[in-house]
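What follows is the content of coords-v2.csv, which has CSV, N, CA and C atoms:
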```
chain,number,residue,atom,x,y,z
A,1,MET,N,80.4,40.3,-129.1
A,1,MET,CA,81.2,40.0,-127.9
A,1,MET,C,80.2,39.6,-126.7
A,2,HIS,N,79.2,40.3,-126.6
A,2,HIS,CA,78.2,40.0,-125.5
A,2,HIS,C,77.6,38.6,-125.7
A,3,ASN,N,77.2,38.3,-127.0
A,3,ASN,CA,76.6,37.0,-127.3
A,3,ASN,C,77.6,35.9,-127.0
A,4,ASP,N,78.9,36.1,-127.3
A,4,ASP,CA,79.9,35.1,-127.1
A,4,ASP,C,80.0,34.8,-125.6
A,5,LEU,N,79.9,35.9,-124.8
A,5,LEU,CA,80.0,35.7,-123.3
A,5,LEU,C,78.8,35.0,-122.8
A,6,GLN,N,77.6,35.3,-123.3
A,6,GLN,CA,76.4,34.6,-122.9
A,6,GLN,C,76.5,33.1,-123.3
A,7,GLU,N,76.9,32.8,-124.5
A,7,GLU,CA,77.1,31.4,-124.9
A,7,GLU,C,78.0,30.7,-124.0
A,8,LEU,N,79.1,31.3,-123.7
A,8,LEU,CA,80.1,30.7,-122.8
A,8,LEU,C,79.5,30.4,-121.4
A,9,GLU,N,78.8,31.4,-120.9
A,9,GLU,CA,78.1,31.2,-119.6
A,9,GLU,C,77.1,30.1,-119.7
A,10,GLN,N,76.4,30.0,-120.7
A,10,GLN,CA,75.4,28.9,-120.9
A,10,GLN,C,76.2,27.5,-120.9
A,11,GLN,N,77.2,27.5,-121.7
A,11,GLN,CA,78.0,26.2,-121.8
A,11,GLN,C,78.6,25.8,-120.4
A,12,VAL,N,79.1,26.8,-119.7
A,12,VAL,CA,79.6,26.5,-118.4
A,12,VAL,C,78.5,26.0,-117.4
A,13,GLU,N,77.3,26.7,-117.5
A,13,GLU,CA,76.2,26.2,-116.7
A,13,GLU,C,75.8,24.8,-117.0
A,14,LYS,N,75.8,24.5,-118.3
A,14,LYS,CA,75.4,23.1,-118.7
A,14,LYS,C,76.5,22.1,-118.2
A,15,LEU,N,77.8,22.5,-118.3
A,15,LEU,CA,78.8,21.6,-117.8
A,15,LEU,C,78.7,21.4,-116.2
A,16,ILE,N,78.3,22.5,-115.5
A,16,ILE,CA,78.1,22.3,-114.1
A,16,ILE,C,77.0,21.4,-113.8
A,17,GLN,N,75.9,21.5,-114.5
A,17,GLN,CA,74.7,20.6,-114.3
A,17,GLN,C,75.1,19.2,-114.7
A,18,LEU,N,75.8,19.0,-115.7
A,18,LEU,CA,76.2,17.7,-116.1
A,18,LEU,C,77.2,17.1,-115.0
A,19,SER,N,78.1,17.9,-114.6
A,19,SER,CA,79.0,17.4,-113.5
A,19,SER,C,78.2,17.0,-112.3
A,20,GLU,N,77.2,17.8,-111.9
A,20,GLU,CA,76.4,17.5,-110.7
A,20,GLU,C,75.6,16.2,-110.9
A,21,ARG,N,75.1,16.0,-112.1
A,21,ARG,CA,74.3,14.8,-112.4
A,21,ARG,C,75.2,13.6,-112.4
A,22,LEU,N,76.4,13.7,-113.0
A,22,LEU,CA,77.3,12.6,-113.0
A,22,LEU,C,77.8,12.2,-111.6
A,23,ASN,N,78.0,13.2,-110.8
A,23,ASN,CA,78.4,13.0,-109.4
A,23,ASN,C,77.3,12.2,-108.6
A,24,GLN,N,76.1,12.7,-108.8
A,24,GLN,CA,75.0,12.0,-108.2
A,24,GLN,C,74.9,10.5,-108.7
A,25,GLU,N,75.0,10.3,-110.0
A,25,GLU,CA,74.9,9.0,-110.5
A,25,GLU,C,76.1,8.1,-110.0
A,26,ASN,N,77.2,8.7,-109.9
A,26,ASN,CA,78.4,8.0,-109.4
A,26,ASN,C,78.2,7.6,-107.9
A,27,ARG,N,77.6,8.5,-107.1
A,27,ARG,CA,77.3,8.1,-105.7
A,27,ARG,C,76.3,7.0,-105.7
A,28,HIS,N,75.3,7.0,-106.5
A,28,HIS,CA,74.3,6.0,-106.5
A,28,HIS,C,74.9,4.6,-106.9
A,29,LEU,N,75.8,4.7,-108.0
A,29,LEU,CA,76.4,3.4,-108.4
A,29,LEU,C,77.3,2.8,-107.4
A,30,ARG,N,78.0,3.7,-106.6
A,30,ARG,CA,78.9,3.2,-105.6
A,30,ARG,C,78.1,2.6,-104.4
A,31,LYS,N,77.0,3.2,-104.1
A,31,LYS,CA,76.1,2.6,-103.1
A,31,LYS,C,75.6,1.3,-103.6
A,32,GLN,N,75.2,1.2,-104.8
A,32,GLN,CA,74.6,0.0,-105.4
A,32,GLN,C,75.7,-1.1,-105.4
A,33,GLN,N,76.9,-0.7,-105.7
A,33,GLN,CA,78.1,-1.7,-105.7
A,33,GLN,C,78.3,-2.3,-104.3
A,34,VAL,N,78.2,-1.4,-103.2
A,34,VAL,CA,78.4,-1.9,-101.9
A,34,VAL,C,77.3,-2.9,-101.5
A,35,GLU,N,76.0,-2.6,-101.9
A,35,GLU,CA,74.9,-3.5,-101.6
A,35,GLU,C,75.1,-4.8,-102.3
A,36,LEU,N,75.5,-4.8,-103.6
A,36,LEU,CA,75.7,-6.0,-104.3
A,36,LEU,C,76.8,-6.8,-103.7
A,37,LYS,N,77.9,-6.2,-103.2
A,37,LYS,CA,79.0,-7.0,-102.6
A,37,LYS,C,78.5,-7.6,-101.3
A,38,ARG,N,77.6,-6.9,-100.6
A,38,ARG,CA,77.1,-7.5,-99.4
A,38,ARG,C,76.2,-8.7,-99.7
A,39,ALA,N,75.4,-8.6,-100.7
A,39,ALA,CA,74.5,-9.7,-101.2
A,39,ALA,C,75.3,-10.9,-101.6
A,40,ARG,N,76.4,-10.6,-102.4
A,40,ARG,CA,77.2,-11.7,-102.9
A,40,ARG,C,77.9,-12.4,-101.7
A,41,ALA,N,78.4,-11.7,-100.7
A,41,ALA,CA,79.0,-12.3,-99.6
A,41,ALA,C,78.0,-13.2,-98.8
A,42,LYS,N,76.7,-12.7,-98.7
A,42,LYS,CA,75.7,-13.5,-98.0
A,42,LYS,C,75.4,-14.7,-98.8
A,43,LEU,N,75.3,-14.6,-100.1
A,43,LEU,CA,75.1,-15.8,-100.9
A,43,LEU,C,76.2,-16.8,-100.8
A,44,LEU,N,77.4,-16.4,-100.8
A,44,LEU,CA,78.6,-17.3,-100.7
A,44,LEU,C,78.6,-18.0,-99.4
A,45,LYS,N,78.2,-17.2,-98.3
A,45,LYS,CA,78.1,-17.9,-97.0
A,45,LYS,C,77.0,-18.9,-97.0
A,46,GLN,N,75.9,-18.6,-97.6
A,46,GLN,CA,74.8,-19.6,-97.6
A,46,GLN,C,75.2,-20.8,-98.4
A,47,ARG,N,75.9,-20.6,-99.5
A,47,ARG,CA,76.4,-21.7,-100.3
A,47,ARG,C,77.3,-22.6,-99.5
A,48,ASP,N,78.3,-22.0,-98.8
A,48,ASP,CA,79.2,-22.8,-98.0
A,48,ASP,C,78.5,-23.6,-96.9
A,49,GLU,N,77.5,-22.9,-96.3
A,49,GLU,CA,76.7,-23.6,-95.2
A,49,GLU,C,76.0,-24.8,-95.8
A,50,ALA,N,75.4,-24.6,-97.0
A,50,ALA,CA,74.7,-25.7,-97.6
A,50,ALA,C,75.6,-26.8,-98.0
A,51,ARG,N,76.8,-26.5,-98.5
A,51,ARG,CA,77.8,-27.5,-98.9
A,51,ARG,C,78.2,-28.3,-97.6
A,52,GLN,N,78.4,-27.6,-96.5
A,52,GLN,CA,78.8,-28.3,-95.3
A,52,GLN,C,77.7,-29.2,-94.8
A,53,HIS,N,76.4,-28.8,-94.9
A,53,HIS,CA,75.3,-29.6,-94.5
A,53,HIS,C,75.2,-30.9,-95.4
A,54,ILE,N,75.4,-30.7,-96.7
A,54,ILE,CA,75.3,-31.8,-97.6
A,54,ILE,C,76.4,-32.8,-97.4
A,55,ASP,N,77.6,-32.3,-97.1
A,55,ASP,CA,78.8,-33.1,-96.8
A,55,ASP,C,78.5,-33.9,-95.5
A,56,ALA,N,77.9,-33.3,-94.5
A,56,ALA,CA,77.5,-34.0,-93.3
A,56,ALA,C,76.5,-35.1,-93.5
A,57,VAL,N,75.5,-34.8,-94.4
A,57,VAL,CA,74.5,-35.8,-94.7
A,57,VAL,C,75.1,-37.0,-95.4
A,58,LEU,N,76.0,-36.7,-96.4
A,58,LEU,CA,76.6,-37.7,-97.1
A,58,LEU,C,77.5,-38.6,-96.2
A,59,GLY,N,78.2,-37.9,-95.3
A,59,GLY,CA,79.0,-38.7,-94.3
A,59,GLY,C,78.1,-39.6,-93.5
A,60,ARG,N,77.0,-39.2,-93.1
A,60,ARG,CA,76.1,-40.0,-92.3
A,60,ARG,C,75.6,-41.2,-93.1
A,61,LEU,N,75.3,-40.9,-94.4
A,61,LEU,CA,74.8,-42.0,-95.3
A,61,LEU,C,75.9,-43.0,-95.5
A,62,LYS,N,77.2,-42.6,-95.7
A,62,LYS,CA,78.3,-43.5,-95.8
A,62,LYS,C,78.4,-44.4,-94.6
A,63,ASN,N,78.3,-43.8,-93.4
A,63,ASN,CA,78.4,-44.5,-92.1
A,63,ASN,C,77.3,-45.5,-92.0
A,64,TYR,N,76.1,-45.1,-92.5
A,64,TYR,CA,74.9,-46.0,-92.4
A,64,TYR,C,75.2,-47.2,-93.3
A,65,GLU,N,75.8,-47.0,-94.5
A,65,GLU,CA,76.0,-48.1,-95.4
A,65,GLU,C,77.1,-49.1,-94.8
A,66,VAL,N,78.1,-48.5,-94.2
A,66,VAL,CA,79.1,-49.4,-93.6
A,66,VAL,C,78.5,-50.2,-92.5
A,67,LEU,N,77.6,-49.7,-91.7
A,67,LEU,CA,77.0,-50.4,-90.6
A,67,LEU,C,76.0,-51.4,-91.0
A,68,SER,N,75.4,-51.2,-92.2
A,68,SER,CA,74.4,-52.1,-92.7
A,68,SER,C,74.9,-53.5,-93.2
```
Spell out the structure here as structure tokens.
Amino acid sequence: MHNDLQELEQQVEKLIQLSERLNQENRHLRKQQVELKRARAKLLKQRDEARQHIDAVLGRLKNYEVLS
């Protein structure tokens, strides 16, 4: 009976440790997800700015062709 209780205590302790490790990993992954979302938003903004710049350059080229 005493051995059974010790085994149960050990199993509970292992489960507690596993739970703590998984909680820590979960917090890390959530933080990483937030950082990746920010990076994605920044890249999308840069892409849109580059697209606008290219459109402006193409517009000026078309106007130049018309005037030539």
(request) Calculate how many Å separate atom CA of A:Asn63 from atom C of A:Asp48, rounding to one decimal. (result) 21.4 Å
(request) Between atom N of A:Met1 and atom N of A:Gln17, measure the distance and give it in Å to one decimal. (result) 24.2 Å
(request) Find the distance between atom CA of A:Leu67 and atom N of A:Gln52 and write it in Å to one decimal. (result) 23.6 Å
